[in-house]
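Beneath this line is the structure, given in structure tokens, with notes to follow.
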Amino acid sequence: MPELRKDPIIDRWVIIATERGKRPHDFVIEPDVVKGGFCPFDQGNEHTTPPELFALRDSGTAPNTPGWHLRVVNNKFPALVMRPEDLLNRQGEGMFDKMNGIGTHEVIIEHPDHQALLTTITIEEFMLVLGAYQERMLTLAQDPRYQYVLIFKNWGRAAGASLEHTHSQLIGLPIVPELVQEEIQGSKLYYKWKERCVFCDMVRQEMQQQVRVVLENQEFVALCPFAPRSPFEVWILPKTHHSSYMDLSDASRRHLAEIFSATLKRLEKSLLSPDGFRAPYNFILHTAPLRDPAMPHYHWHFEIMPKLTLMAGFEWGSGFFINPTPPEDAAQYLREVKL
Ligand SMILES: [Zn+2]
Ligand SMILES: [Zn+2]
Ligand SMILES: [Zn+2]
């Protein structure tokens with residue numbers, strides 16, 4: 001019998017197929033069409049991107065020239081734009097509300113090598129990516145118009161990536177996105193009731209039970225959540241309470257890079273199709289809003305979602321997700337995969 005499960009933080013239900021759950025090779029992974037040709041993110045093509053906002057480069061090299069390890073630039077086709085003079089300007093139009101589409105949309109070019117992937121770069125290189133997220137967040141936090149910075153990655157065409165070159169994206173917003181608000185509200189309610197952080201409780205219980213845990217190290221745990229929306233969904237959380245990613249220390253960044261890299265490698269290997277195609281995925285970073293970084297009830301985390309199923313009418317209409325792989329099974333596949 002399938003099971004309905006509720007997310008412990010927000011009001012989100014999922015339907016988990018508990019019997020005959022889908023195994024890694026039951027999913028059809030489409031080959032990514034390699035477009036090839038000119039790549040604006042390659043070393044030597046810096047002049048074809050908007051000017052860099054942040055870069056890690058060899059000493060003595062000039063901005064927007066070769067010699068970099070990581071670059072952050074504005075998205076050429078931004079979803080939102082922010083100029084120094086722009087104000088939020090909320091307006092009503094009858095019963096409808098609108099405001100200026102201000103915000104920022106940046107691209108984090110994670111590595112100069114066109115072939116590089118987060119699963120092939122070194123831990124040191126992975127740390128640079130994680131550090132760049134933090135750096136941009138801290139910088140954008142200085143502009144009072146921003147309330148939230150959402151970091152995300154789309155990998156593979158099916159997950160929404162339009163360029164092959166390894167990159168993640170950042171959207172700075174003048175509002176806190178609804179899903180984050182829901183998580184904050186949900187965790188606030190739980191805290192009011194129990195005086196404990198729901199994420200800390202989750203981490204503690206999962207580590208005790210060791211059923212849905214994929215990996216752990218000194219500071220972080222990677223686990224398949226109890227009510228995952230997608231097969232092989234994995235969350236990475238700090239083991240101790242931290243509400244804002246902006247506070248990540250240098251030592252923690254290394255532990256995070258290690259567990260993140262190992263998790264992505266396990267996902268890639270487990271879900272690799274018999275023809276050698278890698279599964280597309282998305283990940284997002286959920287952290288406290290910029291103006292409210294210290295929250296006793298909220299706990300930052302990464303959510304990684306392989307793109308193996310399609311969101312169809314039922315999901316769209318109900319907000320329910322149907323997940324054909326129980327997280328207990330997914331965690332076991334991920335733990336047992338030989339790297
Ligand atoms: Zn490239
Ligand atoms: Zn916590
Ligand atoms: Zn979240």
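Chain identifiers are assigned as A, B, and so on, following the order in which chains appear in the structure tokens; residues are numbered from 1 within each chain, and ligands are numbered from 1 in order of appearance.
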Original post:
Skipping near chain neighbours, those fewer than 6 positions away, what residues fall within 12 Å of A:Pro228 using only C-alpha atoms, listed as a list in words?
Top reply: Leu4, Arg5, Lys6, Asp7, Pro8, Arg12, Trp13, Val14, Ile15, Ile16, Ala17, Arg212, Val234, Trp235, Glu303, Ile304, Met305, Pro306, Phe320, Phe321, Ile322, Asn323, Pro324, Thr325, Pro326, Pro327, Glu328, Ala330 and Ala331 of chain A
Selection from above, C-alpha atoms, as an mmCIF file, in the first residue's frame, can you write it?
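Dumped everything to selection11.cif:
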```cif
data_model
loop_
_atom_site.group_PDB
_atom_site.id
_atom_site.type_symbol
_atom_site.label_atom_id
_atom_site.label_comp_id
_atom_site.auth_asym_id
_atom_site.auth_seq_id
_atom_site.Cartn_x
_atom_site.Cartn_y
_atom_site.Cartn_z
ATOM 1 C CA LEU A 4 1.168 9.425 2.510
ATOM 2 C CA ARG A 5 3.931 11.237 4.321
ATOM 3 C CA LYS A 6 4.044 14.780 5.622
ATOM 4 C CA ASP A 7 7.145 16.914 5.643
ATOM 5 C CA PRO A 8 7.949 17.741 9.284
ATOM 6 C CA ARG A 12 3.646 19.293 2.171
ATOM 7 C CA TRP A 13 2.450 15.784 1.596
ATOM 8 C CA VAL A 14 4.023 13.222 -0.649
ATOM 9 C CA ILE A 15 2.830 9.841 -1.824
ATOM 10 C CA ILE A 16 5.543 7.246 -1.423
ATOM 11 C CA ALA A 17 5.315 3.990 -3.331
ATOM 12 C CA ARG A 212 17.888 7.468 5.841
ATOM 13 C CA VAL A 234 19.180 14.295 -0.517
ATOM 14 C CA TRP A 235 19.549 17.104 2.012
ATOM 15 C CA GLU A 303 18.422 20.250 -0.988
ATOM 16 C CA ILE A 304 19.592 18.137 -3.918
ATOM 17 C CA MET A 305 16.937 16.809 -6.286
ATOM 18 C CA PRO A 306 17.760 14.486 -9.156
ATOM 19 C CA PHE A 320 1.255 16.543 -3.660
ATOM 20 C CA PHE A 321 4.275 14.832 -5.082
ATOM 21 C CA ILE A 322 4.337 11.190 -6.080
ATOM 22 C CA ASN A 323 7.648 9.568 -5.306
ATOM 23 C CA PRO A 324 8.228 6.049 -6.613
ATOM 24 C CA THR A 325 11.355 5.389 -4.491
ATOM 25 C CA PRO A 326 11.109 5.256 -0.681
ATOM 26 C CA PRO A 327 13.879 7.368 0.881
ATOM 27 C CA GLU A 328 14.926 4.372 3.003
ATOM 28 C CA ALA A 330 17.361 5.462 -1.850
ATOM 29 C CA ALA A 331 19.645 6.009 1.152
#
```
**OP:** List the neighbours of stretch 115-130 of chain A out to 7 Å using only C-alpha atoms; skip same-chain residues closer than 4 positions along the sequence, and give me the result as a list in words.
**Re:** Glu110, His111, Gln134, Thr166, Arg253, Arg254, Ala257, Glu258, Ser261, Leu264 and Lys265 of chain A
**OP:** For ligand 3, list the contacting residues at 9 Å or closer, counting only C-alpha atoms and all ligand atoms, as a PyMOL selection string.
**Re:** chain A and resi 9+179-180+183+235+284-287+299-303
File dump, residues just selected, N, CA and C atoms, as a PDB file, in the first residue's frame:
```
ATOM      1  N   ILE A   9       8.454  19.951   8.394  1.00  0.00           N
ATOM      2  CA  ILE A   9       8.627  21.401   8.533  1.00  0.00           C
ATOM      3  C   ILE A   9       7.441  22.162   7.946  1.00  0.00           C
ATOM      4  N   LEU A 179       8.445  29.730  -0.453  1.00  0.00           N
ATOM      5  CA  LEU A 179       8.797  28.427   0.119  1.00  0.00           C
ATOM      6  C   LEU A 179       9.681  28.589   1.355  1.00  0.00           C
ATOM      7  N   VAL A 180      10.556  29.585   1.320  1.00  0.00           N
ATOM      8  CA  VAL A 180      11.421  29.841   2.474  1.00  0.00           C
ATOM      9  C   VAL A 180      10.568  30.370   3.628  1.00  0.00           C
ATOM     10  N   GLU A 183       8.896  27.514   5.240  1.00  0.00           N
ATOM     11  CA  GLU A 183       9.810  26.765   6.103  1.00  0.00           C
ATOM     12  C   GLU A 183      10.057  27.508   7.413  1.00  0.00           C
ATOM     13  N   TRP A 235      19.289  15.818   1.360  1.00  0.00           N
ATOM     14  CA  TRP A 235      19.549  17.104   2.012  1.00  0.00           C
ATOM     15  C   TRP A 235      20.894  17.021   2.743  1.00  0.00           C
ATOM     16  N   ILE A 284      19.478  23.473  -4.322  1.00  0.00           N
ATOM     17  CA  ILE A 284      19.207  24.827  -3.852  1.00  0.00           C
ATOM     18  C   ILE A 284      19.762  24.950  -2.437  1.00  0.00           C
ATOM     19  N   LEU A 285      20.043  26.175  -2.062  1.00  0.00           N
ATOM     20  CA  LEU A 285      20.492  26.457  -0.697  1.00  0.00           C
ATOM     21  C   LEU A 285      19.396  27.239   0.005  1.00  0.00           C
ATOM     22  N   HIS A 286      18.910  26.701   1.099  1.00  0.00           N
ATOM     23  CA  HIS A 286      17.945  27.406   1.940  1.00  0.00           C
ATOM     24  C   HIS A 286      18.649  27.921   3.190  1.00  0.00           C
ATOM     25  N   THR A 287      18.586  29.214   3.387  1.00  0.00           N
ATOM     26  CA  THR A 287      19.250  29.829   4.535  1.00  0.00           C
ATOM     27  C   THR A 287      18.362  30.956   5.062  1.00  0.00           C
ATOM     28  N   HIS A 299      17.394  26.584  10.237  1.00  0.00           N
ATOM     29  CA  HIS A 299      18.661  25.857  10.138  1.00  0.00           C
ATOM     30  C   HIS A 299      18.969  25.733   8.640  1.00  0.00           C
ATOM     31  N   TRP A 300      20.074  26.278   8.184  1.00  0.00           N
ATOM     32  CA  TRP A 300      20.324  26.262   6.732  1.00  0.00           C
ATOM     33  C   TRP A 300      20.580  24.835   6.253  1.00  0.00           C
ATOM     34  N   HIS A 301      20.338  24.622   4.970  1.00  0.00           N
ATOM     35  CA  HIS A 301      20.542  23.294   4.379  1.00  0.00           C
ATOM     36  C   HIS A 301      20.571  23.381   2.861  1.00  0.00           C
ATOM     37  N   PHE A 302      21.212  22.410   2.255  1.00  0.00           N
ATOM     38  CA  PHE A 302      21.137  22.231   0.807  1.00  0.00           C
ATOM     39  C   PHE A 302      20.126  21.135   0.521  1.00  0.00           C
ATOM     40  N   GLU A 303      19.326  21.301  -0.520  1.00  0.00           N
ATOM     41  CA  GLU A 303      18.422  20.250  -0.988  1.00  0.00           C
ATOM     42  C   GLU A 303      18.853  19.882  -2.398  1.00  0.00           C
TER      43      GLU A 303
END
```
List every residue of chain A that has an atom at most 9 Å from any atom of ligand 1, giving for each one its closest atom pair and the distance in Å to one decimal, counting only C-alpha atoms and all ligand atoms, sorted by chain and then by ascending residue number, as a Markdown table.
```
| residue | atom | partner | partner_atom_place_in_ligand_line | distance |
| --- | --- | --- | --- | --- |
| A:Gly36 | CA | ligand 1 | 1 (Zn) | 8.7 |
| A:Phe38 | CA | ligand 1 | 1 (Zn) | 7.7 |
| A:Cys39 | CA | ligand 1 | 1 (Zn) | 4.5 |
| A:Pro40 | CA | ligand 1 | 1 (Zn) | 6.5 |
| A:Phe41 | CA | ligand 1 | 1 (Zn) | 4.8 |
| A:Asp42 | CA | ligand 1 | 1 (Zn) | 4.2 |
| A:Gln43 | CA | ligand 1 | 1 (Zn) | 7.8 |
| A:His111 | CA | ligand 1 | 1 (Zn) | 8.9 |
| A:Pro112 | CA | ligand 1 | 1 (Zn) | 7.3 |
| A:Asp113 | CA | ligand 1 | 1 (Zn) | 6.6 |
| A:His114 | CA | ligand 1 | 1 (Zn) | 3.7 |
| A:Gln115 | CA | ligand 1 | 1 (Zn) | 7.2 |
| A:Ala116 | CA | ligand 1 | 1 (Zn) | 8.9 |
| A:Leu163 | CA | ligand 1 | 1 (Zn) | 8.1 |
| A:Glu164 | CA | ligand 1 | 1 (Zn) | 6.8 |
| A:His165 | CA | ligand 1 | 1 (Zn) | 4.4 |
| A:Thr166 | CA | ligand 1 | 1 (Zn) | 7.6 |
```
Take the residues from that selection and write them out as a PDB file, in the first residue's frame, keeping N, CA and C atoms.
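Listing of again06.pdb after writing:
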```
ATOM      1  N   GLY A  36      28.096  21.811 -27.965  1.00  0.00           N
ATOM      2  CA  GLY A  36      29.439  22.133 -28.448  1.00  0.00           C
ATOM      3  C   GLY A  36      29.513  23.583 -28.899  1.00  0.00           C
ATOM      4  N   PHE A  38      30.944  27.491 -29.494  1.00  0.00           N
ATOM      5  CA  PHE A  38      31.503  28.560 -28.682  1.00  0.00           C
ATOM      6  C   PHE A  38      30.920  28.564 -27.268  1.00  0.00           C
ATOM      7  N   CYS A  39      31.819  28.689 -26.279  1.00  0.00           N
ATOM      8  CA  CYS A  39      31.346  28.733 -24.894  1.00  0.00           C
ATOM      9  C   CYS A  39      31.827  30.021 -24.232  1.00  0.00           C
ATOM     10  N   PRO A  40      30.898  30.901 -23.833  1.00  0.00           N
ATOM     11  CA  PRO A  40      31.292  32.181 -23.230  1.00  0.00           C
ATOM     12  C   PRO A  40      31.971  32.024 -21.866  1.00  0.00           C
ATOM     13  N   PHE A  41      31.839  30.835 -21.245  1.00  0.00           N
ATOM     14  CA  PHE A  41      32.411  30.642 -19.911  1.00  0.00           C
ATOM     15  C   PHE A  41      33.832  30.083 -19.961  1.00  0.00           C
ATOM     16  N   ASP A  42      34.352  29.830 -21.163  1.00  0.00           N
ATOM     17  CA  ASP A  42      35.703  29.278 -21.256  1.00  0.00           C
ATOM     18  C   ASP A  42      36.762  30.361 -21.015  1.00  0.00           C
ATOM     19  N   GLN A  43      37.917  29.891 -20.555  1.00  0.00           N
ATOM     20  CA  GLN A  43      39.058  30.772 -20.377  1.00  0.00           C
ATOM     21  C   GLN A  43      39.405  31.394 -21.746  1.00  0.00           C
ATOM     22  N   HIS A 111      34.374  26.718 -12.624  1.00  0.00           N
ATOM     23  CA  HIS A 111      35.684  26.199 -13.006  1.00  0.00           C
ATOM     24  C   HIS A 111      36.000  26.648 -14.431  1.00  0.00           C
ATOM     25  N   PRO A 112      37.299  26.947 -14.726  1.00  0.00           N
ATOM     26  CA  PRO A 112      37.610  27.384 -16.094  1.00  0.00           C
ATOM     27  C   PRO A 112      37.513  26.255 -17.141  1.00  0.00           C
ATOM     28  N   ASP A 113      37.662  25.007 -16.703  1.00  0.00           N
ATOM     29  CA  ASP A 113      37.687  23.889 -17.646  1.00  0.00           C
ATOM     30  C   ASP A 113      36.265  23.558 -18.110  1.00  0.00           C
ATOM     31  N   HIS A 114      36.081  23.549 -19.404  1.00  0.00           N
ATOM     32  CA  HIS A 114      34.747  23.294 -19.974  1.00  0.00           C
ATOM     33  C   HIS A 114      34.227  21.902 -19.616  1.00  0.00           C
ATOM     34  N   GLN A 115      35.138  20.955 -19.430  1.00  0.00           N
ATOM     35  CA  GLN A 115      34.721  19.573 -19.159  1.00  0.00           C
ATOM     36  C   GLN A 115      34.484  19.316 -17.661  1.00  0.00           C
ATOM     37  N   ALA A 116      34.918  20.230 -16.811  1.00  0.00           N
ATOM     38  CA  ALA A 116      34.853  19.984 -15.359  1.00  0.00           C
ATOM     39  C   ALA A 116      33.409  19.837 -14.881  1.00  0.00           C
ATOM     40  N   LEU A 163      23.412  26.080 -20.495  1.00  0.00           N
ATOM     41  CA  LEU A 163      24.814  26.008 -20.913  1.00  0.00           C
ATOM     42  C   LEU A 163      25.458  24.802 -20.247  1.00  0.00           C
ATOM     43  N   GLU A 164      26.343  24.129 -20.997  1.00  0.00           N
ATOM     44  CA  GLU A 164      26.959  22.910 -20.464  1.00  0.00           C
ATOM     45  C   GLU A 164      28.039  23.212 -19.412  1.00  0.00           C
ATOM     46  N   HIS A 165      28.733  24.308 -19.591  1.00  0.00           N
ATOM     47  CA  HIS A 165      29.867  24.640 -18.719  1.00  0.00           C
ATOM     48  C   HIS A 165      29.397  24.736 -17.257  1.00  0.00           C
ATOM     49  N   THR A 166      30.121  24.074 -16.365  1.00  0.00           N
ATOM     50  CA  THR A 166      29.664  23.953 -14.974  1.00  0.00           C
ATOM     51  C   THR A 166      29.471  25.327 -14.307  1.00  0.00           C
TER      52      THR A 166
END
```
Subject >> Near-ligand residues for ligand 2, threshold 10 Å, only C-alpha atoms and all ligand atoms, as a ChimeraX atom specification >> reply: /A:187,191,196-204,237-243,295-301
Create the file for the chosen residues now, containing C-alpha atoms and written as a tab-separated table (two decimals), in the first residue's frame.
```tsv
chain	number	residue	atom	x	y	z
A	187	SER	CA	9.95	25.81	12.02
A	191	TYR	CA	9.94	25.83	18.07
A	196	ARG	CA	13.69	22.94	19.81
A	197	CYS	CA	14.75	23.45	16.22
A	198	VAL	CA	12.92	21.01	13.95
A	199	PHE	CA	16.02	20.55	11.79
A	200	CYS	CA	18.22	19.82	14.82
A	201	ASP	CA	15.61	17.27	15.94
A	202	MET	CA	15.56	15.72	12.48
A	203	VAL	CA	19.33	15.46	12.33
A	204	ARG	CA	19.46	13.90	15.80
A	237	LEU	CA	22.62	19.88	6.93
A	238	PRO	CA	25.07	21.09	9.56
A	239	LYS	CA	24.88	18.79	12.61
A	240	THR	CA	24.86	21.73	14.99
A	241	HIS	CA	22.48	24.65	14.84
A	242	HIS	CA	23.30	27.35	12.28
A	243	SER	CA	20.60	29.46	10.70
A	295	MET	CA	17.11	32.44	14.06
A	296	PRO	CA	16.92	29.85	16.85
A	297	HIS	CA	14.29	27.89	14.92
A	298	TYR	CA	15.72	27.92	11.38
A	299	HIS	CA	18.66	25.86	10.14
A	300	TRP	CA	20.32	26.26	6.73
A	301	HIS	CA	20.54	23.29	4.38
```
Original post:
Which of stretch 62-251 of chain A counts as helix (DSSP H, G or I) under DSSP, as a ChimeraX atom specification please?
Top reply: /A:123-140,157-159,178-194,198-209,245-247,250-251
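The two atoms in question, atom CA of A:Lys35 and atom CA of A:Ser270, are spaced 25.6 Å apart.
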Original post:
Counting only C-alpha atoms, what is within 9 Å of A:Asp58, bar same-chain residues fewer than 3 positions away, as a PyMOL selection string?
Top reply: chain A and resi 61+67-69
The selected residues should be written to file as a CSV table (one decimal), in the first residue's frame (atoms: N, CA and C atoms).
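part_33.csv was written with the following content:
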```
chain,number,residue,atom,x,y,z
A,61,THR,N,46.9,38.9,-12.5
A,61,THR,CA,46.1,38.9,-13.7
A,61,THR,C,45.0,39.9,-13.5
A,67,GLY,N,43.4,33.5,-16.4
A,67,GLY,CA,44.1,33.4,-15.2
A,67,GLY,C,43.2,33.2,-13.9
A,68,TRP,N,42.0,32.8,-14.2
A,68,TRP,CA,41.0,32.7,-13.0
A,68,TRP,C,40.7,31.3,-12.7
A,69,HIS,N,40.2,31.1,-11.5
A,69,HIS,CA,39.8,29.8,-11.0
A,69,HIS,C,38.3,29.7,-10.9
```
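Across the model, the gap from atom CA of A:Gly186 to atom CA of A:Gly131 is 28.8 Å.
Atom pair atom CA of A:Leu256 / atom CA of A:Ile151: separated by 15.6 Å.
Counting only C-alpha atoms, the residue from A:Leu339, A:Ile108, A:Ile29, A:Leu80 that sits nearest to A:Thr309 is A:Ile29.
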